[in-house]
>>> print(open('coords_25.cif').read())   # mmCIF, C-alpha atoms and all ligand atoms
data_coords
#
loop_
_atom_site.label_atom_id
_atom_site.label_comp_id
_atom_site.auth_asym_id
_atom_site.auth_seq_id
_atom_site.Cartn_x
_atom_site.Cartn_y
_atom_site.Cartn_z
CA MET A 1 0.00 0.00 0.00
CA ALA A 2 1.29 3.44 -0.88
CA THR A 3 1.82 5.54 2.23
CA PRO A 4 1.66 9.36 1.95
CA TRP A 5 5.40 9.37 2.45
CA TYR A 6 5.88 6.99 -0.42
CA ARG A 7 3.62 9.02 -2.65
CA ARG A 8 5.49 12.26 -1.92
CA ILE A 9 8.96 10.79 -2.27
CA SER A 10 7.83 9.07 -5.41
CA GLU A 11 6.74 12.40 -6.91
CA GLY A 12 10.00 13.94 -5.76
CA LEU A 13 12.01 11.23 -7.45
CA ALA A 14 10.04 11.43 -10.68
CA LYS A 15 13.04 12.58 -12.73
CA SER A 16 15.31 9.83 -11.41
CA ARG A 17 12.65 7.23 -11.86
CA GLY A 18 11.71 8.36 -15.34
CA ARG A 19 15.20 7.61 -16.44
CA LEU A 20 15.94 4.46 -14.45
CA GLU A 21 12.55 2.86 -14.99
CA GLY A 22 12.82 3.49 -18.71
CA GLN A 23 16.26 1.94 -18.92
CA LEU A 24 15.26 -1.08 -16.84
CA ASN A 25 12.22 -1.60 -19.05
CA VAL A 26 14.45 -1.56 -22.12
CA LEU A 27 16.69 -4.11 -20.44
CA VAL A 28 13.80 -6.41 -19.59
CA GLY A 29 12.17 -5.83 -22.97
CA ARG A 30 15.25 -7.12 -24.76
CA GLY A 31 14.48 -10.63 -23.60
CA PRO A 32 14.32 -12.83 -20.53
CA ASP A 33 17.87 -14.23 -20.73
CA LEU A 34 20.16 -13.73 -17.75
CA ASP A 35 23.28 -13.67 -19.87
CA VAL A 36 26.53 -11.75 -19.52
CA ALA A 37 25.13 -8.83 -21.49
CA PHE A 38 22.17 -8.53 -19.12
CA TRP A 39 24.32 -8.28 -16.00
CA GLU A 40 26.76 -5.87 -17.62
CA ASP A 41 24.02 -3.62 -18.89
CA LEU A 42 22.29 -3.69 -15.52
CA GLU A 43 25.55 -2.48 -13.97
CA ASP A 44 25.82 0.32 -16.52
CA VAL A 45 22.26 1.46 -15.90
CA LEU A 46 22.82 1.64 -12.13
CA VAL A 47 26.17 3.41 -12.43
CA GLY A 48 24.44 5.91 -14.73
CA ALA A 49 22.08 6.74 -11.87
CA ASP A 50 25.06 7.78 -9.73
CA ILE A 51 24.70 4.85 -7.36
CA GLY A 52 28.49 4.51 -7.40
CA VAL A 53 30.64 1.75 -8.86
CA ALA A 54 31.46 0.00 -5.58
CA ALA A 55 27.83 -0.17 -4.48
CA VAL A 56 26.67 -1.27 -7.91
CA THR A 57 29.21 -4.06 -8.03
CA ASP A 58 27.94 -5.38 -4.69
CA ILE A 59 24.29 -4.97 -5.54
CA VAL A 60 24.66 -6.85 -8.82
CA GLU A 61 26.73 -9.56 -7.17
CA ARG A 62 24.04 -10.13 -4.57
CA LEU A 63 21.40 -10.17 -7.30
CA ARG A 64 23.33 -12.81 -9.22
CA ASP A 65 23.52 -14.83 -6.03
CA THR A 66 19.81 -14.52 -5.45
CA ALA A 67 19.13 -15.39 -9.08
CA SER A 68 20.99 -18.66 -8.84
CA ARG A 69 19.88 -19.49 -5.28
CA LYS A 70 16.21 -18.91 -6.01
CA ALA A 71 16.53 -20.10 -9.61
CA LEU A 72 14.96 -16.88 -10.85
CA PRO A 73 13.65 -17.60 -14.33
CA ASP A 74 14.15 -14.30 -16.14
CA ALA A 75 15.21 -10.66 -16.27
CA GLU A 76 11.92 -9.34 -14.89
CA SER A 77 12.13 -11.50 -11.77
CA VAL A 78 15.66 -10.24 -11.13
CA ILE A 79 14.55 -6.62 -11.41
CA GLU A 80 11.81 -7.39 -8.90
CA HIS A 81 14.57 -8.00 -6.34
CA LEU A 82 16.52 -4.88 -7.26
CA ALA A 83 14.79 -2.47 -4.86
CA GLU A 84 15.43 -4.63 -1.83
CA GLU A 85 19.10 -5.00 -2.78
CA ILE A 86 19.48 -1.23 -3.20
CA ALA A 87 17.73 -0.70 0.15
CA SER A 88 20.08 -3.11 1.87
CA GLU A 89 22.96 -0.74 1.05
CA PHE A 90 21.55 1.54 3.75
CA PRO A 91 22.18 0.65 7.39
CA THR A 92 19.01 -0.13 9.34
CA ASP A 93 20.11 1.03 12.77
CA VAL A 94 20.63 4.75 12.08
CA SER A 95 19.81 7.16 14.85
CA ASP A 96 18.30 10.51 13.90
CA PRO A 97 20.45 13.38 15.25
CA LEU A 98 17.45 15.66 14.81
CA ALA A 99 15.37 13.59 17.22
CA VAL A 100 17.78 14.11 20.12
CA SER A 101 16.54 16.56 22.79
CA PRO A 102 18.10 18.89 23.55
CA VAL A 103 20.49 19.17 20.63
CA VAL A 104 22.42 21.87 18.82
CA ILE A 105 22.62 21.36 15.06
CA LEU A 106 25.26 23.13 13.02
CA VAL A 107 24.12 23.35 9.39
CA VAL A 108 26.98 23.56 6.90
CA GLY A 109 27.56 23.21 3.18
CA VAL A 110 28.58 24.69 -0.13
CA ASN A 111 26.87 27.89 -1.38
CA GLY A 112 23.26 27.54 -2.39
CA THR A 113 22.77 23.89 -1.45
CA GLY A 114 19.66 24.76 0.59
CA LYS A 115 20.97 25.25 4.15
CA THR A 116 18.76 28.15 5.17
CA THR A 117 15.65 26.74 3.48
CA THR A 118 16.28 23.40 5.17
CA ILE A 119 16.51 25.12 8.56
CA GLY A 120 13.06 26.59 7.89
CA LYS A 121 11.69 23.15 7.05
CA LEU A 122 13.32 21.57 10.10
CA ALA A 123 11.98 24.32 12.36
CA LYS A 124 8.47 23.72 11.03
CA GLU A 125 8.81 19.95 11.43
CA ALA A 126 9.92 20.39 15.06
CA VAL A 127 7.27 22.97 15.95
CA ASP A 128 4.58 20.75 14.42
CA ALA A 129 5.84 17.93 16.63
CA GLY A 130 5.48 20.18 19.68
CA ARG A 131 9.19 20.82 20.19
CA SER A 132 10.71 24.16 21.08
CA VAL A 133 13.19 25.65 18.62
CA LEU A 134 15.88 28.34 18.64
CA LEU A 135 17.66 29.59 15.53
CA GLY A 136 21.13 31.10 15.27
CA SER A 137 22.12 33.26 12.34
CA ALA A 138 25.83 32.58 11.90
CA ASP A 139 25.75 33.41 8.19
CA THR A 140 26.91 36.98 8.66
CA PHE A 141 28.53 37.07 5.26
CA ARG A 142 25.90 37.01 2.54
CA ALA A 143 23.71 40.06 2.09
CA ALA A 144 20.14 39.28 3.16
CA ALA A 145 21.06 36.01 4.89
CA ILE A 146 20.09 37.42 8.28
CA GLU A 147 16.78 38.73 6.91
CA GLN A 148 16.12 35.37 5.23
CA LEU A 149 16.45 33.59 8.57
CA ASP A 150 14.40 36.28 10.33
CA ILE A 151 11.53 35.62 7.93
CA ILE A 152 11.82 31.88 8.49
CA ALA A 153 11.81 32.40 12.27
CA GLU A 154 8.77 34.63 12.08
CA ARG A 155 6.82 32.16 9.95
CA ALA A 156 7.61 29.31 12.31
CA SER A 157 7.09 31.56 15.38
CA VAL A 158 10.49 30.69 16.80
CA PRO A 159 13.15 33.02 18.25
CA VAL A 160 16.38 33.79 16.39
CA ILE A 161 19.74 35.01 17.67
CA SER A 162 21.70 37.28 15.33
CA ARG A 163 24.26 40.05 15.12
CA GLU A 164 24.94 42.62 12.41
CA ARG A 165 26.22 41.65 8.98
CA GLY A 166 29.99 41.14 8.97
CA ALA A 167 30.09 40.01 12.61
CA ASP A 168 32.22 37.01 13.58
CA PRO A 169 30.17 33.82 12.96
CA ALA A 170 31.81 32.27 16.01
CA ALA A 171 30.50 35.15 18.13
CA VAL A 172 26.94 34.61 16.90
CA THR A 173 27.38 30.92 17.60
CA PHE A 174 28.55 31.77 21.10
CA ASP A 175 25.48 33.98 21.69
CA THR A 176 23.17 31.30 20.32
CA VAL A 177 24.56 28.50 22.44
CA VAL A 178 24.56 30.65 25.58
CA ALA A 179 20.90 31.50 24.87
CA ALA A 180 20.18 27.80 24.32
CA ASN A 181 21.79 26.97 27.67
CA GLU A 182 19.46 29.45 29.36
CA ARG A 183 16.22 28.83 27.46
CA ARG A 184 16.65 25.08 26.95
CA PRO A 185 14.96 24.66 23.55
CA ASP A 186 14.67 21.08 22.31
CA LEU A 187 16.28 21.97 19.01
CA THR A 188 18.81 24.71 18.23
CA LEU A 189 19.60 25.18 14.54
CA ILE A 190 22.58 27.30 13.56
CA ASP A 191 22.81 28.57 9.97
CA THR A 192 26.25 29.14 8.46
CA ALA A 193 27.47 30.85 5.32
CA GLY A 194 27.95 28.72 2.23
CA ARG A 195 31.55 28.07 1.32
CA LEU A 196 33.57 26.06 -1.12
CA HIS A 197 35.16 23.02 0.42
CA THR A 198 38.37 24.09 -1.29
CA SER A 199 38.61 27.36 0.66
CA ALA A 200 40.96 26.59 3.54
CA ASP A 201 40.32 29.88 5.38
CA LEU A 202 36.57 29.45 5.34
CA MET A 203 36.82 25.83 6.44
CA LYS A 204 38.96 27.02 9.37
CA GLU A 205 36.29 29.56 10.22
CA LEU A 206 33.76 26.75 10.34
CA GLN A 207 36.00 24.69 12.59
CA LYS A 208 36.14 27.64 14.94
CA VAL A 209 32.35 27.91 14.92
CA GLN A 210 32.10 24.22 15.74
CA ARG A 211 34.74 24.48 18.47
CA VAL A 212 32.92 27.36 20.15
CA ALA A 213 29.58 25.55 19.95
CA LYS A 214 31.03 22.40 21.49
CA ARG A 215 32.89 24.30 24.17
CA GLU A 216 29.96 26.42 25.36
CA THR A 217 27.01 24.11 25.02
CA LEU A 218 25.25 21.98 27.60
CA ALA A 219 23.65 19.94 24.81
CA PRO A 220 25.31 17.67 22.25
CA VAL A 221 26.41 19.41 19.05
CA MET A 222 25.77 17.65 15.76
CA THR A 223 27.02 18.87 12.39
CA LEU A 224 24.87 18.25 9.34
CA LEU A 225 26.02 18.78 5.79
CA VAL A 226 23.40 20.03 3.37
CA MET A 227 24.25 18.56 0.00
CA ASP A 228 22.62 19.37 -3.33
CA ALA A 229 21.74 16.09 -5.06
CA THR A 230 22.01 17.70 -8.49
CA THR A 231 25.78 18.09 -8.02
CA GLY A 232 26.17 14.31 -8.11
CA GLN A 233 29.68 12.94 -7.77
CA ASN A 234 31.10 16.43 -7.25
CA GLY A 235 28.89 16.68 -4.17
CA LEU A 236 30.57 13.56 -2.84
CA ALA A 237 33.97 15.21 -3.14
CA GLN A 238 32.63 18.22 -1.22
CA ALA A 239 31.22 15.99 1.48
CA ARG A 240 34.56 14.24 1.96
CA LYS A 241 36.27 17.59 2.57
CA PHE A 242 33.63 18.78 5.01
CA ASP A 243 33.76 15.46 6.84
CA ALA A 244 37.55 15.61 7.08
CA ALA A 245 37.37 19.12 8.58
CA LEU A 246 34.33 18.76 10.83
CA LYS A 247 33.54 15.09 11.34
CA LEU A 248 29.95 15.20 10.14
CA ASP A 249 27.05 13.47 11.86
CA GLY A 250 24.83 13.21 8.82
CA ILE A 251 23.70 14.53 5.47
CA VAL A 252 20.59 16.33 4.34
CA LEU A 253 20.26 15.63 0.64
CA THR A 254 18.34 18.46 -1.05
CA LYS A 255 16.91 18.99 -4.53
CA LEU A 256 16.28 15.32 -5.16
CA ASP A 257 13.33 16.55 -7.16
CA GLY A 258 15.72 18.29 -9.53
CA THR A 259 17.92 15.39 -10.52
CA ALA A 260 17.68 12.25 -12.61
CA LYS A 261 20.49 10.79 -10.51
CA GLY A 262 18.88 10.22 -7.13
CA GLY A 263 21.07 7.14 -6.75
CA ILE A 264 23.64 9.51 -5.26
CA ALA A 265 22.00 8.78 -1.88
CA VAL A 266 23.33 5.23 -2.09
CA ALA A 267 26.82 6.42 -2.95
CA ILE A 268 26.83 8.85 -0.01
CA VAL A 269 26.01 6.23 2.56
CA ARG A 270 28.31 3.71 1.00
CA GLU A 271 31.33 5.90 0.37
CA LEU A 272 31.10 8.31 3.28
CA GLY A 273 29.60 6.01 5.87
CA LEU A 274 27.25 8.85 6.83
CA PRO A 275 23.50 8.59 7.27
CA VAL A 276 21.12 10.56 5.07
CA VAL A 277 18.88 12.02 7.77
CA ARG A 278 16.46 14.00 5.60
CA VAL A 279 15.79 14.47 1.91
CA GLY A 280 14.60 17.66 0.26
CA ILE A 281 12.12 17.08 -2.53
CA GLY A 282 10.94 20.59 -3.32
CA GLU A 283 11.05 24.24 -2.32
CA GLY A 284 7.92 24.15 -0.16
CA ILE A 285 8.05 24.21 3.63
CA ASP A 286 6.74 20.62 3.82
CA ASP A 287 9.12 19.29 1.19
CA LEU A 288 11.62 17.78 3.60
CA LYS A 289 11.16 14.15 4.52
CA PRO A 290 12.84 11.55 6.69
CA PHE A 291 14.75 8.98 4.75
CA VAL A 292 13.24 5.49 4.56
CA ALA A 293 15.57 3.18 2.67
CA GLU A 294 13.10 0.67 1.25
CA GLU A 295 10.56 3.19 0.07
CA PHE A 296 13.33 5.34 -1.34
CA ALA A 297 14.73 2.39 -3.30
CA ARG A 298 11.31 1.47 -4.67
CA ALA A 299 10.54 5.07 -5.62
CA LEU A 300 13.94 5.34 -7.29
CA ILE A 301 13.46 2.43 -9.68
CA GLY A 302 9.71 2.75 -10.12
CA ARG A 303 8.70 -0.60 -8.69
CA GLY A 304 6.49 0.66 -5.91
N1 LIG B 1 13.80 22.10 -5.90
C1 LIG B 1 14.32 22.25 -4.68
N2 LIG B 1 14.85 23.42 -4.34
C2 LIG B 1 15.39 23.55 -3.11
C3 LIG B 1 15.40 22.47 -2.18
N3 LIG B 1 16.01 22.92 -1.04
C4 LIG B 1 16.35 24.20 -1.28
N4 LIG B 1 15.99 24.60 -2.51
C5 LIG B 1 16.18 25.92 -3.16
O1 LIG B 1 17.57 26.20 -3.25
C6 LIG B 1 17.77 27.61 -3.26
C7 LIG B 1 18.87 27.99 -2.27
O2 LIG B 1 18.39 27.75 -0.97
P1 LIG B 1 19.05 28.39 0.33
O3 LIG B 1 18.38 27.73 1.49
O4 LIG B 1 19.05 29.87 0.29
O5 LIG B 1 20.53 27.85 0.18
P2 LIG B 1 21.77 28.12 1.15
O6 LIG B 1 22.57 26.89 1.20
O7 LIG B 1 21.30 28.67 2.45
O8 LIG B 1 22.54 29.24 0.33
P3 LIG B 1 23.77 30.16 0.85
O9 LIG B 1 23.39 30.62 2.23
O10 LIG B 1 23.83 31.27 -0.13
O11 LIG B 1 24.98 29.30 0.82
C8 LIG B 1 16.42 28.24 -2.93
O12 LIG B 1 15.84 28.68 -4.11
C9 LIG B 1 15.63 27.06 -2.36
O13 LIG B 1 14.24 27.19 -2.52
C10 LIG B 1 14.82 21.21 -2.59
O14 LIG B 1 14.79 20.21 -1.87
N5 LIG B 1 14.31 21.17 -3.85
MG MG B 2 21.87 30.32 3.50
#
>>> encode(input="coords_25.cif", output="structure tokens", more="lines below")
Ligand SMILES: Nc1nc2c(ncn2[C@@H]2O[C@H](COP(=O)(O)OP(=O)(O)OP(=O)(O)O)[C@@H](O)[C@H]2O)c(=O)[nH]1
Ligand SMILES: [Mg+2]
Amino acid sequence: MATPWYRRISEGLAKSRGRLEGQLNVLVGRGPDLDVAFWEDLEDVLVGADIGVAAVTDIVERLRDTASRKALPDAESVIEHLAEEIASEFPTDVSDPLAVSPVVILVVGVNGTGKTTTIGKLAKEAVDAGRSVLLGSADTFRAAAIEQLDIIAERASVPVISRERGADPAAVTFDTVVAANERRPDLTLIDTAGRLHTSADLMKELQKVQRVAKRETLAPVMTLLVMDATTGQNGLAQARKFDAALKLDGIVLTKLDGTAKGGIAVAIVRELGLPVVRVGIGEGIDDLKPFVAEEFARALIGRG
């Protein structure tokens, strides 16, 4: 039965599915034989969806195993097992850093990946669940960033801590965490300025922000990377750099609705060993969803 979550994620993954489903149908339509060409082409199709070579190799190996163990008769019956094999690439025992209370979440990432928008969505999600929220505006760099967060805070009816543009992000972080220690919100979300992972100075600035947060807080500090799914393999390279500098606790994968290569979620978990804690599937305030591996896998290949 299609749950509302499945329906939404399925719509969000329409571009990815359009491509993958089409290619899988071509593969099955070519004939039922499970010959060398079938397995090779299946690998190519999955790699083309950005699932990542290592993961694809494992997935196809397990499928071949299943095919011979269960004596699967044809291509279609193999594809029927594909979603569960993709889903099994994701660990089942992931804890959600956003469900911890109290918690301070540092939101980081490359320019324009969706950090500030995601904070708005997370604030709404938390408020709807009856949790108290505090925002910190540590993006003091970009013009209008402070106003953008102010608007988000107002819409969600949550308080925001900020300083003037150009202020030290670590100072705003300090103020925010001190306020969180006093007011004890369940969830504190700190916005940071976008930066290229290749900019050493800016990565140092972020390390300082993280250091201050960890030093001053009474709550655990978690660092989430907001990654734009449309950047594909390049996004993976960014994530590695951020993880090396900050030791990330998880990934929010945004703009899944804008890519035909949603398989990148598999590559992230596999190659970074980091959980995908939320996925963004649109610009709307409700377009952020928890990640459910099996439903994601089925929505991705169009075998819901
Ligand atoms: N389609 C789509 N658009 C998204 C999603 N998440 C964010 N966006 C859009 O991405 C654009 C940038 O979002 P921001 O939240 O301002 O990005 P940011 O990372 O804070 O940007 P900087 O602070 O400049 O680094 C906006 O137009 C958002 O509406 C998503 O899941 N899907
Ligand atoms: Mg921003």
>>> residues_near_ligand(input="coords_25.cif", ligand="ligand LIG 1 (chain B)", cutoff="6 Å", atoms="all atoms listed in the file", output="PyMOL selection string")
chain A and resi 110-117+193-194+254-255+257-258+280-283
>>> closest_atom_pairs(input="coords_25.cif", of="chain A", to="ligand MG 2 (chain B)", cutoff="12 Å", atoms="all atoms listed in the file", output="tab-separated table")
residue	atom	partner	partner_atom	distance
A:Val107	CA	B:MG2	MG	9.4
A:Val108	CA	B:MG2	MG	9.1
A:Gly109	CA	B:MG2	MG	9.1
A:Val110	CA	B:MG2	MG	9.5
A:Asn111	CA	B:MG2	MG	7.4
A:Gly112	CA	B:MG2	MG	6.7
A:Thr113	CA	B:MG2	MG	8.2
A:Gly114	CA	B:MG2	MG	6.7
A:Lys115	CA	B:MG2	MG	5.2
A:Thr116	CA	B:MG2	MG	4.1
A:Thr117	CA	B:MG2	MG	7.2
A:Thr118	CA	B:MG2	MG	9.1
A:Ile119	CA	B:MG2	MG	9.0
A:Gly120	CA	B:MG2	MG	10.5
A:Gly136	CA	B:MG2	MG	11.8
A:Ser137	CA	B:MG2	MG	9.3
A:Ala138	CA	B:MG2	MG	9.6
A:Asp139	CA	B:MG2	MG	6.8
A:Thr140	CA	B:MG2	MG	9.8
A:Phe141	CA	B:MG2	MG	9.6
A:Arg142	CA	B:MG2	MG	7.9
A:Ala143	CA	B:MG2	MG	10.0
A:Ala144	CA	B:MG2	MG	9.1
A:Ala145	CA	B:MG2	MG	5.9
A:Ile146	CA	B:MG2	MG	8.7
A:Glu147	CA	B:MG2	MG	10.4
A:Gln148	CA	B:MG2	MG	7.8
A:Leu149	CA	B:MG2	MG	8.1
A:Asp150	CA	B:MG2	MG	11.7
A:Ile152	CA	B:MG2	MG	11.3
A:Ile190	CA	B:MG2	MG	10.5
A:Asp191	CA	B:MG2	MG	6.8
A:Thr192	CA	B:MG2	MG	6.7
A:Ala193	CA	B:MG2	MG	5.9
A:Gly194	CA	B:MG2	MG	6.4
A:Arg195	CA	B:MG2	MG	10.2
A:Val226	CA	B:MG2	MG	10.4
>>> residues_around(input="coords_25.cif", residues="Ala49 of chain A", least_positions_apart="5", cutoff="9 Å", atoms="only C-alpha atoms", output="list in words")
Ser16, Arg19, Leu20, Asp44, Ala260, Lys261, Gly262, Gly263 and Ile264 of chain A
>>> atom_distance(input="coords_25.cif", atom1="atom CA of Pro220 of chain A", atom2="atom CA of Val104 of chain A")
6.1 Å
>>> atom_distance(input="coords_25.cif", atom1="atom CA of Asp243 of chain A", atom2="atom CA of Val177 of chain A")
22.3 Å
>>> residues_around(input="coords_25.cif", residues="Gln238 of chain A", least_positions_apart="3", cutoff="9 Å", atoms="only C-alpha atoms", output="NGL selection string")
:A and (109-110 or 196-198 or 227 or 233-235 or 241-243)
>>> write_last_selection(input="coords_25.cif", atoms="C-alpha atoms", output="short mmCIF file (atom, residue, chain, number, x, y, z; two decimals), keeping the file's coordinate frame")
data_model
loop_
_atom_site.label_atom_id
_atom_site.label_comp_id
_atom_site.auth_asym_id
_atom_site.auth_seq_id
_atom_site.Cartn_x
_atom_site.Cartn_y
_atom_site.Cartn_z
CA GLY A 109 27.56 23.21 3.18
CA VAL A 110 28.58 24.69 -0.13
CA LEU A 196 33.57 26.06 -1.12
CA HIS A 197 35.16 23.02 0.42
CA THR A 198 38.37 24.09 -1.29
CA MET A 227 24.25 18.56 0.00
CA GLN A 233 29.68 12.94 -7.77
CA ASN A 234 31.10 16.43 -7.25
CA GLY A 235 28.89 16.68 -4.17
CA LYS A 241 36.27 17.59 2.57
CA PHE A 242 33.63 18.78 5.01
CA ASP A 243 33.76 15.46 6.84
#
>>> residues_around(input="coords_25.cif", residues="Glu76 of chain A", least_positions_apart="4", cutoff="12 Å", atoms="all atoms listed in the file", output="list of chain:residue names")
A:Leu24, A:Asn25, A:Val26, A:Leu27, A:Val28, A:Gly29, A:Arg30, A:Gly31, A:Pro32, A:Asp33, A:Leu34, A:Phe38, A:Leu42, A:Ala67, A:Leu72, A:Glu80, A:His81, A:Leu82, A:Arg303
>>> write_last_selection(input="coords_25.cif", atoms="C-alpha atoms", output="mmCIF file, in the frame of the given file")
data_model
loop_
_atom_site.group_PDB
_atom_site.id
_atom_site.type_symbol
_atom_site.label_atom_id
_atom_site.label_comp_id
_atom_site.auth_asym_id
_atom_site.auth_seq_id
_atom_site.Cartn_x
_atom_site.Cartn_y
_atom_site.Cartn_z
ATOM 1 C CA LEU A 24 15.260 -1.080 -16.840
ATOM 2 C CA ASN A 25 12.220 -1.600 -19.050
ATOM 3 C CA VAL A 26 14.450 -1.560 -22.120
ATOM 4 C CA LEU A 27 16.690 -4.110 -20.440
ATOM 5 C CA VAL A 28 13.800 -6.410 -19.590
ATOM 6 C CA GLY A 29 12.170 -5.830 -22.970
ATOM 7 C CA ARG A 30 15.250 -7.120 -24.760
ATOM 8 C CA GLY A 31 14.480 -10.630 -23.600
ATOM 9 C CA PRO A 32 14.320 -12.830 -20.530
ATOM 10 C CA ASP A 33 17.870 -14.230 -20.730
ATOM 11 C CA LEU A 34 20.160 -13.730 -17.750
ATOM 12 C CA PHE A 38 22.170 -8.530 -19.120
ATOM 13 C CA LEU A 42 22.290 -3.690 -15.520
ATOM 14 C CA ALA A 67 19.130 -15.390 -9.080
ATOM 15 C CA LEU A 72 14.960 -16.880 -10.850
ATOM 16 C CA GLU A 80 11.810 -7.390 -8.900
ATOM 17 C CA HIS A 81 14.570 -8.000 -6.340
ATOM 18 C CA LEU A 82 16.520 -4.880 -7.260
ATOM 19 C CA ARG A 303 8.700 -0.600 -8.690
#
>>> closest_residue(input="coords_25.cif", among="A:Pro102, A:Gly232, A:Leu256, A:Arg278", to="Asp50 of chain A", atoms="all atoms listed in the file")
A:Gly232
>>> closest_residue(input="coords_25.cif", among="A:Phe174, A:Pro275, A:Val94, A:Ala200", to="Lys214 of chain A", atoms="all atoms listed in the file")
A:Phe174
>>> closest_residue(input="coords_25.cif", among="A:Val158, A:Ala167, A:Ile151, A:Val100", to="Asp186 of chain A", atoms="all atoms listed in the file")
A:Val100
>>> closest_residue(input="coords_25.cif", among="A:Ile51, A:Leu187, A:Ala170, A:Val178", to="Gly130 of chain A", atoms="all atoms listed in the file")
A:Leu187
>>> closest_residue(input="coords_25.cif", among="A:Val292, A:Leu253, A:Val103, A:Ala245", to="Leu202 of chain A", atoms="only C-alpha atoms")
A:Ala245
